[in-house]
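Peer 1: There's a structure below that I have some questions on.
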Amino acid sequence: MKQPIVDLRSDTVTQPSPEMRRAMAEAEVGDDVFGEDPTVRRLQERVATLLGKEAALFVPSGSMANQTAIRAQTQPGDEIIAHADSHIYHYEAGGPAALSGCSMRLLEGPGGTFDADAVNAALRPKDSHFPQSALIVIENTHNRGGGTCWNLDEIARIREVADAQNLRMHLDGARLMNACVATGHKPPEYTQYFDTVSTCFSKGLGAPVGSVVAGTEATIRRVHRFRKMFGGGMRQAGVIAAAALYAIEHNIDRLADDHANAKRLAEGAARATHISVDPDAVETNIVFLDVDASVTTAAALAEQLRGRGVLMLATGPQRLRAVTHLDVSSDQIDAAIAAICQTADTV
Ligand code: TLP
């Protein structure tokens with residue numbers, strides 16, 4: 001296979017930079033299951049402050065962050081309200097059912113969002129026949145929604161519904177920093193409405209591993225117990241926490257470049273035949289390309305693009321996803337646009 005010119009499958013594919021690797025090599029470490037890793041502790045304190053929460057816990061992945069937060073705030077037989085396109089529903093291997101014994105009430109809405117009225121309508125009566133509505137999960141930015149950012153006022157309205165019914169709220173903020181950079185909101189403006197928040201260092205922020213869950217001291221103590229139960233306790237984890245700290249210090253503001261590259265990619269790809277792309281729908285670093293079904297499939301087009309050194313992910317029969325990140329330059333975006341236009345012309 002030809003060396004890829006650009007890997008747009010996900011922002012998870014980034015390589016740690018030499019400076020990040022140096023920070024990892026020099027990290028002070030200890031046994032974090034004993035709570036003795038100074039770099040992990042520093043990261044947790046730093047992220048709790050960044051997110052405006054009392055406490056934070058370092059976990060190996062975004063999936064574990066979401067699933068421990070769900071487990072800590074639900075009982076078997078409870079129901080979780082989330083978007084039908086949410087990551088916790090599609091891409092976490094049935095975690096809410098398997099790990100927490102919860103059913104899911106799925107809502108529809110544009111770009112992975114829903115409104116307070118829809119939440120109200122989905123609430124279960126307090127009657128022994130029904131699962132108990134317990135937790136609302138919002139994803140911001142929304143992955144399958146196309147990297148969309150949630151509206152703060154709508155989140156506030158949903159919080160009012162949650163409070164009236166004594167429900168908890170969890171934010172899947174794997175790409176929360178993308179939302180903050182795109183909208184100009186500070187992280188606490190979003191997180192104030194949530195009992196727990198997860199965020200990832202291994203997406204656009206460019207660290208190799210790691211996520212956190214943040215919330216009150218009491219909730220994070222429960223999350224900590226489930227991290228152990230799910231096998232996520234790590235020992236000298238300061239080596240990877242150092243990469244996360246480096247990412248927070250150096251890689252947040254530059255997400256704006258990824259957003260500009262995504263827009264540029266969408267505008268360029270919109271000129272290709274047999275592919276429809278809406279540049280106006282691109283708010284952050286995710287671009288969807290819809291392939292004309294009468295011509296080919298997304299999987300077949302992805303294979304042809306791979307032959308030209310451009311990697312993208314087929315996320316549906318006709319849908320390709322491209323995600324920009326710190327290992328993608330604007331020149332590579334131009335090369336990708338040229339490859340997309342040439343490939344689409346010859347299918
Ligand atoms: N998403 C990955 C894949 O799983 C699809 C990607 O390439 O986008 N929440 C959201 C919103 C995510 O997009 C992801 C990763 C996660 C949680 C899970 O993170 P990890 O992969 O660290 O478990």
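Residue numbering restarts at 1 for every chain of the structure tokens, chains are lettered A, B, ... in their displayed order, and ligands are numbered from 1 as they appear.
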Tell me, counting only C-alpha atoms, for each residue of stretch 144-263 of chain A within 12 Å of stretch 72-78 of chain A, which pair of atoms is nearest and how far apart they are in Å to one decimal, in rows ordered by chain and increasing number, as CSV.
Peer 2:
residue,atom,partner,partner_atom,distance
A:Asn166,CA,A:Gln73,CA,11.8
A:Leu167,CA,A:Gln73,CA,9.4
A:Arg168,CA,A:Gln73,CA,7.2
A:Met169,CA,A:Gln73,CA,9.0
A:His170,CA,A:Gln73,CA,9.1
A:Asp195,CA,A:Gln73,CA,9.2
A:Thr196,CA,A:Gln73,CA,9.1
A:Val213,CA,A:Ala72,CA,11.0
A:Gly215,CA,A:Ala72,CA,11.2
A:Thr216,CA,A:Ala72,CA,11.9
A:Ala218,CA,A:Ala72,CA,10.2
A:Thr219,CA,A:Ala72,CA,7.0
A:Ile220,CA,A:Ala72,CA,8.4
A:Arg221,CA,A:Ala72,CA,9.0
A:Arg222,CA,A:Ala72,CA,5.6
A:Val223,CA,A:Ala72,CA,5.5
A:His224,CA,A:Ala72,CA,8.9
A:Arg225,CA,A:Ala72,CA,8.6
A:Phe226,CA,A:Ala72,CA,7.1
A:Arg227,CA,A:Ala72,CA,9.8
A:Met229,CA,A:Ala72,CA,11.4
A:Phe230,CA,A:Ala72,CA,11.9
Peer 1: Write the residues of the preceding selection, restricted to N, CA, C and O atoms, as a compact mmCIF listing (two decimals), in the first residue's frame.
Peer 2:
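Dumped to part28.txt:
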# COMPACT_ATOMS: atom_id res chain seq x y z
N ASN A 166 -35.71 14.88 39.71
CA ASN A 166 -34.60 14.27 40.44
C ASN A 166 -33.75 13.32 39.59
O ASN A 166 -33.37 12.23 40.05
N LEU A 167 -33.51 13.71 38.36
CA LEU A 167 -32.65 12.92 37.48
C LEU A 167 -31.24 13.50 37.50
O LEU A 167 -31.06 14.69 37.74
N ARG A 168 -30.27 12.66 37.21
CA ARG A 168 -28.90 13.14 37.08
C ARG A 168 -28.58 13.40 35.61
O ARG A 168 -29.28 12.89 34.72
N MET A 169 -27.52 14.17 35.39
CA MET A 169 -27.10 14.44 34.00
C MET A 169 -25.60 14.17 33.84
O MET A 169 -24.80 14.62 34.67
N HIS A 170 -25.27 13.46 32.77
CA HIS A 170 -23.86 13.19 32.44
C HIS A 170 -23.54 13.80 31.08
O HIS A 170 -24.33 13.68 30.14
N ASP A 195 -23.95 16.63 36.49
CA ASP A 195 -23.43 16.01 37.71
C ASP A 195 -22.07 15.39 37.43
O ASP A 195 -21.19 15.42 38.29
N THR A 196 -21.93 14.79 36.26
CA THR A 196 -20.63 14.23 35.88
C THR A 196 -20.30 14.63 34.44
O THR A 196 -21.20 14.82 33.61
N VAL A 213 -13.17 11.50 34.42
CA VAL A 213 -14.55 11.77 34.84
C VAL A 213 -14.43 12.81 35.94
O VAL A 213 -13.60 12.66 36.85
N GLY A 215 -16.68 15.47 38.74
CA GLY A 215 -17.97 15.68 39.42
C GLY A 215 -17.73 16.07 40.87
O GLY A 215 -16.63 16.54 41.21
N THR A 216 -18.72 15.83 41.73
CA THR A 216 -18.50 16.12 43.15
C THR A 216 -17.58 15.06 43.74
O THR A 216 -17.45 13.95 43.19
N ALA A 218 -18.11 13.22 46.27
CA ALA A 218 -18.87 12.01 46.62
C ALA A 218 -19.12 11.14 45.38
O ALA A 218 -18.95 9.92 45.43
N THR A 219 -19.50 11.78 44.28
CA THR A 219 -19.77 10.99 43.06
C THR A 219 -18.48 10.38 42.52
O THR A 219 -18.46 9.22 42.10
N ILE A 220 -17.40 11.14 42.57
CA ILE A 220 -16.13 10.62 42.03
C ILE A 220 -15.61 9.47 42.90
O ILE A 220 -14.99 8.54 42.39
N ARG A 221 -15.93 9.49 44.19
CA ARG A 221 -15.57 8.32 45.03
C ARG A 221 -16.26 7.07 44.52
O ARG A 221 -15.69 5.99 44.45
N ARG A 222 -17.52 7.21 44.12
CA ARG A 222 -18.26 6.05 43.56
C ARG A 222 -17.67 5.64 42.21
O ARG A 222 -17.50 4.46 41.91
N VAL A 223 -17.35 6.64 41.38
CA VAL A 223 -16.74 6.35 40.07
C VAL A 223 -15.43 5.59 40.27
O VAL A 223 -15.13 4.63 39.56
N HIS A 224 -14.67 5.99 41.29
CA HIS A 224 -13.38 5.36 41.60
C HIS A 224 -13.57 3.86 41.89
O HIS A 224 -12.82 3.01 41.39
N ARG A 225 -14.59 3.56 42.67
CA ARG A 225 -14.87 2.14 42.99
C ARG A 225 -15.16 1.36 41.72
O ARG A 225 -14.68 0.24 41.53
N PHE A 226 -15.95 1.95 40.82
CA PHE A 226 -16.31 1.22 39.59
C PHE A 226 -15.14 1.16 38.61
O PHE A 226 -15.00 0.20 37.87
N ARG A 227 -14.26 2.17 38.66
CA ARG A 227 -13.05 2.06 37.83
C ARG A 227 -12.28 0.81 38.25
O ARG A 227 -11.78 0.06 37.42
N MET A 229 -13.51 -1.85 39.78
CA MET A 229 -14.31 -3.04 39.44
C MET A 229 -14.19 -3.38 37.95
O MET A 229 -14.13 -4.54 37.56
N PHE A 230 -14.14 -2.35 37.11
CA PHE A 230 -14.08 -2.57 35.65
C PHE A 230 -12.64 -2.81 35.17
O PHE A 230 -12.38 -2.92 33.98
Peer 1: Which residues, written as a PDB file with all heavy atoms, in the first residue's frame, have at least one atom at most 10 Å from A:Thr183, with only C-alpha atoms counted and residues fewer than 6 positions away on the same chain left out?
Peer 2:
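For reference, result26.pdb as written:
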ATOM      1  N   CYS A 149     -22.123  21.362  18.143  1.00  0.00           N
ATOM      2  CA  CYS A 149     -22.043  21.919  19.496  1.00  0.00           C
ATOM      3  C   CYS A 149     -23.455  22.132  20.044  1.00  0.00           C
ATOM      4  O   CYS A 149     -24.326  22.624  19.332  1.00  0.00           O
ATOM      5  CB  CYS A 149     -21.341  23.279  19.476  1.00  0.00           C
ATOM      6  SG  CYS A 149     -19.685  23.206  18.771  1.00  0.00           S
ATOM      7  N   TRP A 150     -23.631  21.796  21.303  1.00  0.00           N
ATOM      8  CA  TRP A 150     -24.927  22.007  21.957  1.00  0.00           C
ATOM      9  C   TRP A 150     -25.142  23.473  22.313  1.00  0.00           C
ATOM     10  O   TRP A 150     -24.196  24.190  22.648  1.00  0.00           O
ATOM     11  CB  TRP A 150     -25.004  21.175  23.231  1.00  0.00           C
ATOM     12  CG  TRP A 150     -25.572  19.813  23.005  1.00  0.00           C
ATOM     13  CD1 TRP A 150     -24.939  18.747  22.439  1.00  0.00           C
ATOM     14  CD2 TRP A 150     -26.889  19.376  23.341  1.00  0.00           C
ATOM     15  NE1 TRP A 150     -25.781  17.667  22.408  1.00  0.00           N
ATOM     16  CE2 TRP A 150     -26.982  18.021  22.956  1.00  0.00           C
ATOM     17  CE3 TRP A 150     -27.999  19.970  23.939  1.00  0.00           C
ATOM     18  CZ2 TRP A 150     -28.141  17.270  23.138  1.00  0.00           C
ATOM     19  CZ3 TRP A 150     -29.145  19.221  24.122  1.00  0.00           C
ATOM     20  CH2 TRP A 150     -29.219  17.891  23.724  1.00  0.00           C
ATOM     21  N   ASN A 151     -26.419  23.872  22.297  1.00  0.00           N
ATOM     22  CA  ASN A 151     -26.823  25.205  22.707  1.00  0.00           C
ATOM     23  C   ASN A 151     -26.967  25.246  24.238  1.00  0.00           C
ATOM     24  O   ASN A 151     -27.645  24.392  24.817  1.00  0.00           O
ATOM     25  CB  ASN A 151     -28.161  25.510  22.007  1.00  0.00           C
ATOM     26  CG  ASN A 151     -28.726  26.817  22.433  1.00  0.00           C
ATOM     27  OD1 ASN A 151     -29.348  26.916  23.488  1.00  0.00           O
ATOM     28  ND2 ASN A 151     -28.507  27.830  21.625  1.00  0.00           N
ATOM     29  N   MET A 177     -13.538  20.177  24.481  1.00  0.00           N
ATOM     30  CA  MET A 177     -12.669  21.321  24.182  1.00  0.00           C
ATOM     31  C   MET A 177     -12.897  21.826  22.750  1.00  0.00           C
ATOM     32  O   MET A 177     -12.754  23.018  22.491  1.00  0.00           O
ATOM     33  CB  MET A 177     -11.193  20.977  24.415  1.00  0.00           C
ATOM     34  CG  MET A 177     -10.892  20.689  25.864  1.00  0.00           C
ATOM     35  SD  MET A 177     -11.441  22.036  26.965  1.00  0.00           S
ATOM     36  CE  MET A 177     -11.881  21.092  28.419  1.00  0.00           C
ATOM     37  N   GLU A 283     -19.150  22.415  12.187  1.00  0.00           N
ATOM     38  CA  GLU A 283     -18.932  23.359  13.298  1.00  0.00           C
ATOM     39  C   GLU A 283     -17.580  23.152  13.952  1.00  0.00           C
ATOM     40  O   GLU A 283     -17.034  24.059  14.561  1.00  0.00           O
ATOM     41  CB  GLU A 283     -20.029  23.187  14.358  1.00  0.00           C
ATOM     42  CG  GLU A 283     -21.420  23.519  13.856  1.00  0.00           C
ATOM     43  CD  GLU A 283     -22.482  23.297  14.930  1.00  0.00           C
ATOM     44  OE1 GLU A 283     -22.209  23.511  16.120  1.00  0.00           O
ATOM     45  OE2 GLU A 283     -23.599  22.888  14.555  1.00  0.00           O
ATOM     46  N   THR A 284     -17.048  21.918  13.875  1.00  0.00           N
ATOM     47  CA  THR A 284     -15.766  21.653  14.559  1.00  0.00           C
ATOM     48  C   THR A 284     -14.845  20.852  13.629  1.00  0.00           C
ATOM     49  O   THR A 284     -14.515  21.351  12.556  1.00  0.00           O
ATOM     50  CB  THR A 284     -16.007  20.952  15.921  1.00  0.00           C
ATOM     51  OG1 THR A 284     -16.738  19.739  15.705  1.00  0.00           O
ATOM     52  CG2 THR A 284     -16.762  21.859  16.877  1.00  0.00           C
TER      53      THR A 284
END
Peer 1: Using only C-alpha atoms, which of the listed residues (A:Pro18, A:Gly147, A:Gly309, A:Pro317) sits closest to A:Thr113?
Peer 2: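 Of all the options, A:Gly147 lies closest to A:Thr113.
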Peer 1: What does the distance between atom CA of A:Ala241 and atom CA of A:Glu19 come to in Å, to one decimal place?
Peer 2: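 Atom-to-atom, atom CA of A:Ala241 and atom CA of A:Glu19 are spaced 14.2 Å apart.
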Peer 1: For ligand 1, list the contacting residues at 8 Å or closer, counting only C-alpha atoms and all ligand atoms, as a PyMOL selection string.
Peer 2: chain A and resi 9-12+60-66+86-88+91-92+139-143+172-175+200+202-203+209-211
Peer 1: Counting only C-alpha atoms, figure out which residue out of A:Val291, A:Gly109, A:Asp258, A:Gly184 gets nearest to A:Gly145.
Peer 2: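 Looking only at the distances to A:Gly145, the closest residue turns out to be A:Gly109.
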